[in-house]
$ cat entry36.cif   # mmCIF, C-alpha atoms
data_my_file
loop_
_atom_site.label_atom_id
_atom_site.label_comp_id
_atom_site.auth_asym_id
_atom_site.auth_seq_id
_atom_site.Cartn_x
_atom_site.Cartn_y
_atom_site.Cartn_z
CA MET A 19 -6.86 32.62 -1.21
CA THR A 20 -10.42 32.29 0.06
CA GLN A 21 -11.57 32.17 -3.54
CA LEU A 22 -9.29 29.22 -4.14
CA LEU A 23 -10.55 27.45 -1.06
CA VAL A 24 -14.11 27.89 -2.25
CA ILE A 25 -13.18 26.46 -5.64
CA LYS A 26 -11.58 23.53 -3.85
CA GLU A 27 -14.70 22.88 -1.81
CA ARG A 28 -16.82 23.04 -4.96
CA LEU A 29 -14.52 20.60 -6.66
CA ILE A 30 -14.86 18.18 -3.78
CA LYS A 31 -18.63 18.44 -3.87
CA PHE A 32 -18.70 18.08 -7.60
CA TYR A 33 -16.49 15.04 -7.47
CA ALA A 34 -18.46 13.41 -4.69
CA ARG A 35 -21.66 13.83 -6.68
CA LEU A 36 -20.44 12.72 -10.08
CA GLU A 37 -17.64 10.34 -9.22
CA VAL A 38 -19.21 7.50 -11.21
CA TYR A 39 -18.86 9.50 -14.41
CA ILE A 40 -15.71 11.43 -13.66
CA LEU A 41 -13.50 8.44 -13.04
CA PRO A 42 -14.12 6.69 -16.38
CA LEU A 43 -13.85 10.05 -18.12
CA LEU A 44 -10.46 10.70 -16.56
CA LYS A 45 -9.32 7.20 -17.50
CA PHE A 46 -10.54 7.76 -21.05
CA ILE A 47 -8.68 11.06 -21.37
CA MET A 48 -5.53 9.61 -19.89
CA ALA A 49 -5.60 6.56 -22.17
CA LEU A 50 -6.33 8.69 -25.21
CA VAL A 51 -3.47 11.06 -24.45
CA VAL A 52 -1.14 8.09 -23.99
CA PHE A 53 -2.13 6.45 -27.25
CA LEU A 54 -1.98 9.69 -29.19
CA ILE A 55 1.46 10.53 -27.83
CA ILE A 56 2.65 7.04 -28.74
CA ASN A 57 1.21 7.45 -32.23
CA GLY A 58 2.74 10.86 -32.63
CA ASN A 59 6.21 9.81 -31.53
CA VAL A 60 6.76 6.22 -32.50
CA GLY A 61 3.81 5.51 -34.79
CA TYR A 62 5.41 3.21 -37.31
CA MET A 63 2.54 0.85 -37.93
CA ASN A 64 0.21 2.73 -40.21
CA LYS A 65 -2.84 0.63 -39.46
CA LEU A 66 -2.52 1.25 -35.74
CA LYS A 67 -1.83 4.92 -36.23
CA ASN A 68 -5.44 5.55 -37.12
CA PRO A 69 -6.87 7.82 -34.39
CA ALA A 70 -10.09 5.82 -34.46
CA ILE A 71 -8.22 2.84 -33.03
CA ALA A 72 -6.76 5.02 -30.30
CA ILE A 73 -10.22 6.30 -29.42
CA ILE A 74 -11.75 2.83 -29.36
CA LEU A 75 -8.94 1.47 -27.20
CA ALA A 76 -9.24 4.45 -24.87
CA LEU A 77 -12.97 3.80 -24.56
CA VAL A 78 -12.27 0.20 -23.65
CA CYS A 79 -9.71 1.36 -21.10
CA SER A 80 -12.18 3.70 -19.45
CA PHE A 81 -14.20 0.73 -18.26
CA LEU A 82 -11.28 -1.44 -17.19
CA PRO A 83 -9.12 -1.07 -14.10
CA SER A 84 -6.60 1.71 -14.50
CA ASN A 85 -3.65 -0.66 -14.66
CA MET A 86 -4.99 -2.01 -17.93
CA ILE A 87 -4.03 1.26 -19.61
CA ILE A 88 -0.41 0.29 -19.04
CA ILE A 89 -0.83 -3.18 -20.52
CA PHE A 90 -2.59 -1.72 -23.55
CA ALA A 91 0.03 1.00 -23.94
CA ALA A 92 2.82 -1.57 -23.70
CA GLY A 93 1.20 -3.73 -26.37
CA TYR A 94 0.64 -0.68 -28.53
CA VAL A 95 4.29 0.35 -28.31
CA ILE A 96 5.50 -3.17 -29.05
CA LEU A 97 3.35 -3.41 -32.18
CA HIS A 98 4.69 -0.10 -33.44
CA MET A 99 8.23 -1.25 -32.71
CA TYR A 100 7.59 -4.48 -34.55
CA ALA A 101 6.58 -2.54 -37.62
CA LEU A 102 9.88 -0.69 -37.49
CA SER A 103 12.21 -3.57 -36.74
CA LEU A 104 11.99 -6.90 -35.02
CA GLU A 105 15.06 -6.22 -32.88
CA CYS A 106 13.52 -3.11 -31.35
CA ALA A 107 10.35 -5.00 -30.60
CA ILE A 108 12.29 -7.75 -28.84
CA VAL A 109 14.30 -5.31 -26.75
CA VAL A 110 11.24 -3.32 -25.73
CA LEU A 111 9.28 -6.47 -24.98
CA LEU A 112 12.10 -7.79 -22.81
CA VAL A 113 12.33 -4.55 -20.88
CA PHE A 114 8.59 -4.54 -20.28
CA VAL A 115 8.51 -8.18 -19.18
CA LEU A 116 11.42 -7.68 -16.81
CA MET A 117 9.78 -4.65 -15.24
CA PHE A 118 6.52 -6.48 -14.88
CA VAL A 119 7.97 -9.68 -13.47
CA LEU A 120 10.46 -8.14 -11.09
CA TYR A 121 8.84 -5.02 -9.84
CA PHE A 122 5.17 -4.50 -10.54
CA ARG A 123 4.23 -7.65 -8.77
CA PHE A 124 5.16 -5.73 -5.63
CA SER A 125 3.51 -2.43 -6.22
CA PRO A 126 0.84 -2.43 -8.88
CA LYS A 127 -0.39 0.90 -7.56
CA ASP A 128 2.78 2.64 -8.56
CA SER A 129 2.59 1.52 -12.12
CA MET A 130 0.81 4.75 -13.05
CA ALA A 131 4.12 6.50 -12.47
CA VAL A 132 5.66 4.42 -15.23
CA LEU A 133 3.04 5.71 -17.61
CA LEU A 134 3.13 9.30 -16.42
CA THR A 135 6.91 9.66 -16.61
CA PRO A 136 7.23 9.25 -20.39
CA ILE A 137 4.15 11.43 -20.90
CA CYS A 138 5.63 14.22 -18.81
CA PHE A 139 8.90 13.84 -20.68
CA ALA A 140 7.03 14.20 -23.94
CA LEU A 141 5.31 17.31 -22.59
CA LYS A 142 8.74 18.72 -21.53
CA ILE A 143 7.87 18.79 -17.84
CA PRO A 144 9.50 15.56 -16.60
CA TYR A 145 10.37 17.06 -13.21
CA VAL A 146 6.73 17.04 -12.18
CA VAL A 147 6.92 13.28 -11.77
CA PRO A 148 9.70 12.91 -9.19
CA LEU A 149 8.47 15.91 -7.21
CA SER A 150 4.89 14.73 -7.01
CA MET A 151 5.78 11.07 -6.50
CA GLY A 152 7.80 12.19 -3.50
CA PHE A 153 4.58 13.58 -2.09
CA VAL A 154 2.11 10.85 -2.94
CA GLY A 155 4.36 7.83 -3.18
CA ASN A 156 7.01 6.22 -1.05
CA PRO A 157 10.76 5.74 -1.55
CA MET A 158 10.07 2.69 -3.69
CA SER A 159 8.42 4.97 -6.23
CA ALA A 160 11.96 5.82 -7.27
CA VAL A 161 12.06 2.43 -8.98
CA SER A 162 8.82 3.00 -10.86
CA VAL A 163 9.86 6.44 -12.01
CA GLY A 164 13.23 4.98 -12.99
CA CYS A 165 11.47 2.36 -15.12
CA GLY A 166 9.35 5.08 -16.73
CA THR A 167 12.47 7.11 -17.50
CA ILE A 168 14.16 4.11 -19.10
CA VAL A 169 11.08 3.47 -21.24
CA TYR A 170 11.09 7.09 -22.37
CA TYR A 171 14.75 7.04 -23.35
CA ILE A 172 14.40 3.76 -25.23
CA LEU A 173 11.49 5.17 -27.20
CA LYS A 174 13.37 8.42 -27.75
CA TYR A 175 16.36 6.50 -29.07
CA VAL A 176 14.11 4.58 -31.45
CA LYS A 177 12.44 7.76 -32.58
CA ASP A 178 15.71 9.60 -33.20
CA ASN A 179 17.23 6.70 -35.12
CA ALA A 180 14.13 5.44 -36.87
CA THR A 181 15.49 5.54 -40.39
CA GLN A 182 18.66 3.72 -39.40
CA LEU A 183 16.76 1.10 -37.44
CA GLY A 184 14.25 0.62 -40.21
CA ASN A 185 17.04 -0.19 -42.66
CA LEU A 186 18.87 -2.78 -40.60
CA GLU A 187 19.76 -5.80 -42.65
CA SER A 188 17.46 -8.61 -41.80
CA ASP A 189 19.96 -11.44 -42.28
CA SER A 190 22.13 -10.56 -39.28
CA ALA A 191 19.49 -10.43 -36.58
CA ALA A 192 21.91 -11.12 -33.73
CA SER A 193 24.29 -8.30 -34.57
CA ASN A 194 21.36 -5.96 -35.08
CA PHE A 195 20.15 -6.87 -31.65
CA LYS A 196 23.58 -6.15 -30.26
CA TYR A 197 23.64 -2.82 -32.01
CA VAL A 198 20.29 -1.78 -30.51
CA VAL A 199 21.17 -2.96 -27.00
CA ASP A 200 24.56 -1.25 -27.11
CA ASN A 201 23.05 2.02 -28.14
CA ILE A 202 20.35 1.93 -25.52
CA THR A 203 22.55 0.95 -22.61
CA SER A 204 25.26 3.45 -23.44
CA ASN A 205 22.89 6.38 -23.01
CA LYS A 206 24.45 8.29 -20.13
CA GLU A 207 21.71 10.89 -20.04
CA MET A 208 19.22 8.16 -19.23
CA ILE A 209 21.29 6.88 -16.31
CA LEU A 210 21.79 10.42 -15.03
CA MET A 211 18.06 11.13 -15.15
CA VAL A 212 17.19 7.88 -13.38
CA LEU A 213 19.66 8.75 -10.65
CA ALA A 214 18.53 12.37 -10.31
CA PHE A 215 14.87 11.42 -10.14
CA GLY A 216 15.52 8.69 -7.61
CA VAL A 217 17.40 11.02 -5.29
CA THR A 218 14.74 13.71 -5.71
CA ILE A 219 11.91 11.36 -4.81
CA ILE A 220 13.63 10.09 -1.69
CA LEU A 221 14.63 13.61 -0.64
CA VAL A 222 11.12 15.00 -1.09
CA TYR A 223 9.65 12.03 0.73
CA VAL A 224 11.99 12.36 3.70
CA ILE A 225 11.68 16.14 4.08
CA LYS A 226 7.91 16.06 3.66
CA ARG A 227 7.67 13.77 6.66
CA LEU A 228 9.82 15.92 8.95
CA SER A 229 7.81 17.61 11.65
CA LEU A 230 8.62 21.12 10.55
CA ASP A 231 6.32 23.95 9.67
CA HIS A 232 5.86 24.23 5.93
CA SER A 233 7.66 20.95 5.46
CA TRP A 234 6.04 20.35 2.10
CA LYS A 235 7.18 23.69 0.73
CA LEU A 236 10.68 22.95 1.93
CA ALA A 237 10.51 19.49 0.41
CA LEU A 238 9.38 20.89 -2.90
CA GLY A 239 12.08 23.58 -2.99
CA ILE A 240 14.93 21.38 -1.89
CA GLY A 241 13.78 18.55 -4.15
CA ALA A 242 13.66 20.81 -7.20
CA ILE A 243 17.05 22.37 -6.45
CA ALA A 244 18.66 18.99 -5.76
CA ASN A 245 17.26 17.69 -9.01
CA ILE A 246 18.73 20.58 -10.99
CA MET A 247 22.07 20.30 -9.18
CA ILE A 248 22.43 16.57 -9.81
CA ILE A 249 21.60 16.96 -13.47
CA LEU A 250 24.06 19.84 -13.81
CA ILE A 251 26.87 18.04 -12.01
CA GLY A 252 26.25 14.92 -14.06
CA ASP A 253 26.11 17.04 -17.16
CA PHE A 254 29.57 18.46 -16.52
CA SER A 255 31.23 15.31 -15.30
CA LEU A 256 29.82 13.04 -18.00
CA ASP A 257 30.27 15.62 -20.72
CA LEU A 258 26.69 15.60 -21.91
CA ASP A 259 25.06 18.49 -23.64
CA VAL A 260 21.95 19.00 -21.61
CA ASN A 261 20.27 22.32 -22.23
CA PHE A 262 20.50 24.28 -18.99
CA GLY A 263 17.75 26.74 -19.91
CA ALA A 264 15.35 23.89 -20.59
CA ILE A 265 16.12 22.31 -17.24
CA LEU A 266 15.59 25.55 -15.36
CA LEU A 267 12.38 26.45 -17.18
CA GLY A 268 11.10 22.90 -16.93
CA SER A 269 11.85 22.84 -13.21
CA ILE A 270 10.07 26.15 -12.56
CA PHE A 271 7.03 25.00 -14.49
CA SER A 272 7.11 21.66 -12.73
CA VAL A 273 7.24 23.29 -9.30
CA LEU A 274 4.26 25.46 -10.21
CA ILE A 275 2.33 22.44 -11.42
CA VAL A 276 3.16 20.48 -8.29
CA ILE A 277 1.97 23.40 -6.13
CA ILE A 278 -1.34 23.37 -7.99
CA LEU A 279 -1.61 19.59 -7.71
CA GLN A 280 -0.72 19.81 -4.04
CA PHE A 281 -3.49 22.29 -3.39
CA PHE A 282 -6.22 20.62 -5.38
CA ILE A 283 -5.38 16.95 -5.29
CA PHE A 284 -2.73 15.67 -2.89
CA ASN A 285 -3.97 17.45 0.20
CA VAL A 286 -7.63 16.94 -0.44
CA ASP A 287 -9.64 14.00 0.66
CA TYR A 288 -11.91 13.29 -2.23
CA SER A 289 -14.19 11.14 -0.17
CA ARG A 290 -16.07 8.96 -2.45
CA THR A 291 -19.67 8.18 -2.81
CA GLU A 292 -20.00 4.49 -2.09
CA TYR A 293 -22.42 2.18 -3.81
CA VAL A 294 -22.60 -0.99 -1.82
CA GLN A 295 -24.80 -4.05 -1.87
CA PHE A 296 -25.33 -6.54 0.89
CA GLU A 297 -28.03 -8.68 2.36
CA ASP A 298 -29.22 -10.15 5.57
CA ASP A 299 -31.81 -12.80 6.26
CA GLU A 300 -34.73 -10.56 5.42
CA TYR A 301 -33.62 -7.96 2.89
CA TYR A 302 -31.32 -7.09 0.07
CA TYR A 303 -29.79 -3.66 0.55
CA TYR A 304 -28.61 -1.40 -2.24
CA VAL A 305 -27.06 1.51 -0.42
CA LYS A 306 -25.71 4.71 -1.83
CA ALA A 307 -23.62 6.35 0.84
CA ILE A 308 -22.79 9.97 0.19
CA PRO A 309 -20.05 11.47 2.34
CA LYS A 310 -21.06 14.50 4.35
CA ILE A 311 -19.05 17.50 3.33
CA SER A 312 -19.06 20.48 5.58
CA MET A 313 -18.63 23.58 3.48
CA ALA A 314 -16.16 25.73 5.35
CA THR A 315 -17.61 29.19 4.95
CA PRO A 316 -14.65 31.38 4.16
CA THR A 317 -15.58 34.37 6.30
CA VAL A 318 -16.07 33.29 9.86
CA LYS A 319 -16.50 36.15 12.24
CA VAL A 320 -15.43 35.41 15.75
CA LYS A 321 -16.95 37.73 18.26
CA ARG A 322 -15.40 37.58 21.67
CA ILE A 323 -18.00 38.16 24.32
CA ASN A 324 -15.87 37.25 27.23
CA PRO A 325 -12.20 38.10 26.63
CA ARG A 326 -11.02 35.91 29.49
CA GLY A 327 -13.03 32.94 28.34
CA THR A 328 -11.68 29.99 26.49
CA GLU A 329 -9.79 31.01 23.41
CA ARG A 330 -11.59 30.24 20.26
CA ARG A 331 -9.97 30.26 16.97
CA THR A 332 -11.27 29.92 13.52
CA MET A 333 -10.24 26.75 11.89
CA GLY A 334 -7.25 27.83 9.86
CA GLU A 335 -6.14 26.19 6.66
CA ASP A 336 -2.65 24.85 6.79
CA MET B 18 -38.47 -4.00 10.40
CA LEU B 19 -35.36 -2.23 9.20
CA ASN B 20 -32.76 -1.81 11.86
CA GLU B 21 -31.10 1.44 10.90
CA GLU B 22 -28.15 1.10 13.20
CA ARG B 23 -27.36 -2.29 11.79
CA ILE B 24 -27.69 -1.05 8.23
CA ARG B 25 -25.27 1.74 9.01
CA LEU B 26 -22.76 -0.73 10.38
CA MET B 27 -23.22 -3.09 7.48
CA THR B 28 -22.78 -0.24 4.99
CA LYS B 29 -19.52 0.74 6.61
CA MET B 30 -18.33 -2.81 6.47
CA ALA B 31 -19.44 -3.29 2.89
CA ALA B 32 -17.59 -0.11 1.93
CA TYR B 33 -14.46 -1.47 3.58
CA GLU B 34 -14.88 -4.78 1.79
CA GLU B 35 -15.21 -2.92 -1.51
CA ASN B 36 -12.09 -0.82 -1.09
CA GLU B 37 -9.27 -1.68 1.23
CA GLY B 38 -10.76 -5.02 2.16
CA LYS B 39 -10.33 -6.35 -1.35
CA LYS B 40 -6.66 -6.74 -0.57
CA THR B 41 -6.66 -7.31 3.15
CA ILE B 42 -9.46 -9.83 3.58
CA PRO B 43 -7.86 -12.50 1.34
CA ILE B 44 -4.66 -12.04 3.36
CA SER B 45 -6.55 -12.74 6.56
CA ASN B 46 -7.33 -16.24 5.29
CA TYR B 47 -3.69 -17.22 5.64
CA PHE B 48 -1.47 -17.78 8.60
CA ARG B 49 1.47 -15.43 8.60
CA GLY B 50 4.03 -18.10 7.69
CA ASP B 51 1.86 -19.57 4.95
CA TYR B 52 1.18 -16.22 3.36
CA ILE B 53 4.78 -15.10 3.37
CA SER B 54 6.22 -18.38 2.15
CA PHE B 55 3.66 -18.53 -0.65
CA GLN B 56 4.62 -15.05 -1.76
CA VAL B 57 8.32 -15.81 -1.49
CA VAL B 58 7.89 -18.86 -3.70
CA LYS B 59 6.03 -16.75 -6.23
CA GLY B 60 8.87 -14.26 -6.03
CA ALA B 61 11.40 -17.03 -6.65
CA ILE B 62 9.50 -18.08 -9.77
CA SER B 63 9.42 -14.57 -11.19
CA ALA B 64 13.11 -14.10 -10.39
CA THR B 65 13.84 -17.32 -12.27
CA ILE B 66 11.86 -16.16 -15.29
CA ALA B 67 13.64 -12.82 -15.25
CA PHE B 68 17.02 -14.45 -14.94
CA ALA B 69 16.30 -16.86 -17.80
CA LEU B 70 15.27 -13.91 -19.95
CA VAL B 71 18.40 -11.97 -19.15
CA ILE B 72 20.61 -14.98 -19.85
CA ALA B 73 18.82 -15.60 -23.14
CA MET B 74 19.30 -11.97 -24.03
CA TYR B 75 22.95 -12.13 -23.07
CA VAL B 76 23.60 -15.17 -25.22
CA TYR B 77 21.71 -13.69 -28.14
CA TYR B 78 23.59 -10.44 -27.74
CA ASP B 79 26.91 -12.13 -28.32
CA LEU B 80 25.55 -14.97 -30.41
CA GLU B 81 28.22 -15.07 -33.08
CA ILE B 82 31.13 -14.92 -30.64
CA PHE B 83 29.35 -17.38 -28.43
CA LEU B 84 28.90 -19.89 -31.24
CA GLU B 85 32.52 -19.54 -32.30
CA ASP B 86 33.83 -20.01 -28.80
CA ILE B 87 31.50 -22.69 -27.63
CA TYR B 88 33.99 -25.49 -28.29
CA LYS B 89 36.89 -23.69 -26.67
CA MET B 90 34.97 -22.62 -23.60
CA ASP B 91 35.32 -24.10 -20.19
CA ILE B 92 31.69 -25.09 -19.84
CA VAL B 93 32.00 -26.11 -16.21
CA ALA B 94 33.44 -22.75 -15.18
CA LEU B 95 30.80 -20.94 -17.20
CA LEU B 96 28.03 -22.94 -15.61
CA LYS B 97 29.50 -22.25 -12.20
CA THR B 98 29.46 -18.48 -12.70
CA VAL B 99 25.96 -18.59 -14.13
CA LEU B 100 24.68 -20.68 -11.26
CA THR B 101 26.34 -18.56 -8.58
CA THR B 102 24.87 -15.38 -10.09
CA TYR B 103 21.52 -17.09 -10.28
CA ALA B 104 21.73 -18.16 -6.65
CA CYS B 105 22.71 -14.65 -5.53
CA ILE B 106 19.89 -13.02 -7.46
CA LEU B 107 17.40 -15.60 -6.28
CA ILE B 108 18.34 -15.23 -2.63
CA GLY B 109 18.39 -11.45 -2.86
CA TYR B 110 14.99 -11.33 -4.50
CA MET B 111 13.50 -13.80 -2.06
CA LEU B 112 14.82 -11.73 0.81
CA ILE B 113 13.22 -8.61 -0.60
CA SER B 114 9.96 -10.51 -1.10
CA TYR B 115 10.12 -11.73 2.47
CA ILE B 116 10.60 -8.23 3.87
CA VAL B 117 7.91 -6.66 1.69
CA TYR B 118 5.30 -9.31 2.34
CA SER B 119 5.86 -9.61 6.06
CA TYR B 120 5.42 -5.86 6.26
CA ARG B 121 2.25 -6.13 4.19
CA TYR B 122 0.87 -8.91 6.33
CA THR B 123 1.35 -6.88 9.49
CA LYS B 124 -0.25 -3.86 7.88
CA ALA B 125 -3.22 -5.86 6.62
CA LYS B 126 -3.76 -7.35 10.05
CA LYS B 127 -3.80 -3.89 11.58
CA SER B 128 -6.24 -2.61 9.03
CA LEU B 129 -8.49 -5.63 9.55
CA HIS B 130 -8.61 -5.08 13.27
CA SER B 131 -11.47 -2.58 13.19
CA TYR B 132 -13.28 -4.61 10.57
CA PHE B 133 -13.27 -7.65 12.81
CA SER B 134 -14.47 -5.65 15.77
CA GLN B 135 -17.33 -4.38 13.59
CA LEU B 136 -18.11 -7.96 12.74
CA ARG B 137 -18.32 -8.77 16.44
CA GLU B 138 -20.54 -5.75 16.99
CA LEU B 139 -22.83 -6.96 14.25
CA TYR B 140 -22.94 -10.38 15.78
CA VAL B 141 -23.92 -8.88 19.13
CA MET B 142 -26.68 -6.90 17.44
CA TYR B 143 -28.09 -10.04 15.89
CA GLU B 144 -27.94 -11.82 19.21
CA LYS B 145 -29.92 -9.02 20.85
CA GLU B 146 -32.50 -9.01 18.07
CA GLY B 147 -32.84 -12.77 18.30
CA ARG B 148 -33.61 -12.56 21.97
CA LYS B 149 -36.44 -10.04 21.52
#

$ encode --input "entry36.cif" --output "structure tokens"
Amino acid sequence: MTQLLVIKERLIKFYARLEVYILPLLKFIMALVVFLIINGNVGYMNKLKNPAIAIILALVCSFLPSNMIIIFAAGYVILHMYALSLECAIVVLLVFVLMFVLYFRFSPKDSMAVLLTPICFALKIPYVVPLSMGFVGNPMSAVSVGCGTIVYYILKYVKDNATQLGNLESDSAASNFKYVVDNITSNKEMILMVLAFGVTIILVYVIKRLSLDHSWKLALGIGAIANIMIILIGDFSLDLDVNFGAILLGSIFSVLIVIILQFFIFNVDYSRTEYVQFEDDEYYYYVKAIPKISMATPTVKVKRINPRGTERRTMGED
Amino acid sequence: MLNEERIRLMTKMAAYEENEGKKTIPISNYFRGDYISFQVVKGAISATIAFALVIAMYVYYDLEIFLEDIYKMDIVALLKTVLTTYACILIGYMLISYIVYSYRYTKAKKSLHSYFSQLRELYVMYEKEGRK
């Protein structure tokens, strides 16, 4: 345990020192992963599929605000859809515009969840998203994660039916559109997942805030179990064929990942080095403010000289 | 001469302006009512766009049937249902906007409280320096 704490402290120091480089690097990696996953799954436009384009776009994203990754990814998906069939492109575009207009005006911060949900689905660990959004987000995150889930299932539908969609007759655009919309909206698994994730997020959020000991562990456990239960119940009552083993394994993996994230990211204050500029009547100031980090030495020996004196305790980690 | 205490204060304030202040300081330029009503109007516009999109999608979805039936349809009744739905959605969305943005305004005001007191502190420092 102490080893882990030391690693954590080192990470904090490392981050504080190199934040200027780490942040763009993380953005670059994230954008690249997103573009490559899109290419791998729904890459229908051959020109765009070139990894060089993905790398260039990811480089551009690394310098832009993180929300731009989403705009780029949305555009990327729509172009690929357009190459497959116009109807798909219209449906996807409409869904994106509706999400943007109705919801992301309110909470642009949450929009990362929309991006992360399909990625985690693609990596077979979708349950990480609701569990961790319950910790870092608020109940409204359920909407963002729901949007992300819908995006994933639309793309999955397109991927699974690519040949059919590619061969739609072009003279009956309206009926093609109807066909695509019908197929997407009748996906019960999608609705079930949206529901399960929403409940999980709210549950985790509520339990985490209770003033109990180990409330976050409880929240994590109950959230994961509730998630599995809802999916199973939905599975039976809606007659879907969801693979139980995959859910269980995915949930266990997800819980492990969330524990790691919890330890290294959610609970840690990565205080940032600030670069600020200001001026007064006499000077211009270019200040680099580095946060002071007190390295908690893991082995603190407490020697009691006077047993009746004030109780001293080592600062314990929660 | 550099006044270290003042630089420290100014650095703190500049850091706030860079991070949280980017959102909260623009809000502080509005009165509560102005800010909220502005946001609600913006919300109404986006709800209208969304509704228009959905209606367009709906018509396109059933385009053939729609075109066949357009002469038989009771246009007035149709318009009525469309308009009532629109009104419901609009009011609902505006209400949500109202709640969200009044909450945000209160939160921003709270967060700005210490920033403004720092501003006052800075002002006092300048006053003292001026007197010397």

$ interface_residues --input "entry36.cif" --of "chain B" --to "chain A" --cutoff "6 Å" --atoms "only C-alpha atoms" --output "MDAnalysis selection string"
chainID B and resid 63 67 78

$ resolve_selection --input "entry36.cif" --expression "the PyMOL selection byres ((chain B and resi 110-127) around 12)" --output "PyMOL selection string"
(chain A and resi 119-121+123-125+158) or (chain B and resi 37-65+67-68+103-109+128-134)

$ resolve_selection --input "entry36.cif" --expression "the PyMOL selection byres ((chain A and resi 143) around 10)" --output "PyMOL selection string"
chain A and resi 135-142+144-147+264-265+267-273+275

$ atom_distance --input "entry36.cif" --atom1 "atom CA of B:Lys29" --atom2 "atom CA of B:Glu144"
19.7 Å

$ closest_residue --input "entry36.cif" --among "A:Val176, A:Val161, A:Met48, A:Leu221" --to "A:Met86" --atoms "only C-alpha atoms"
A:Met48
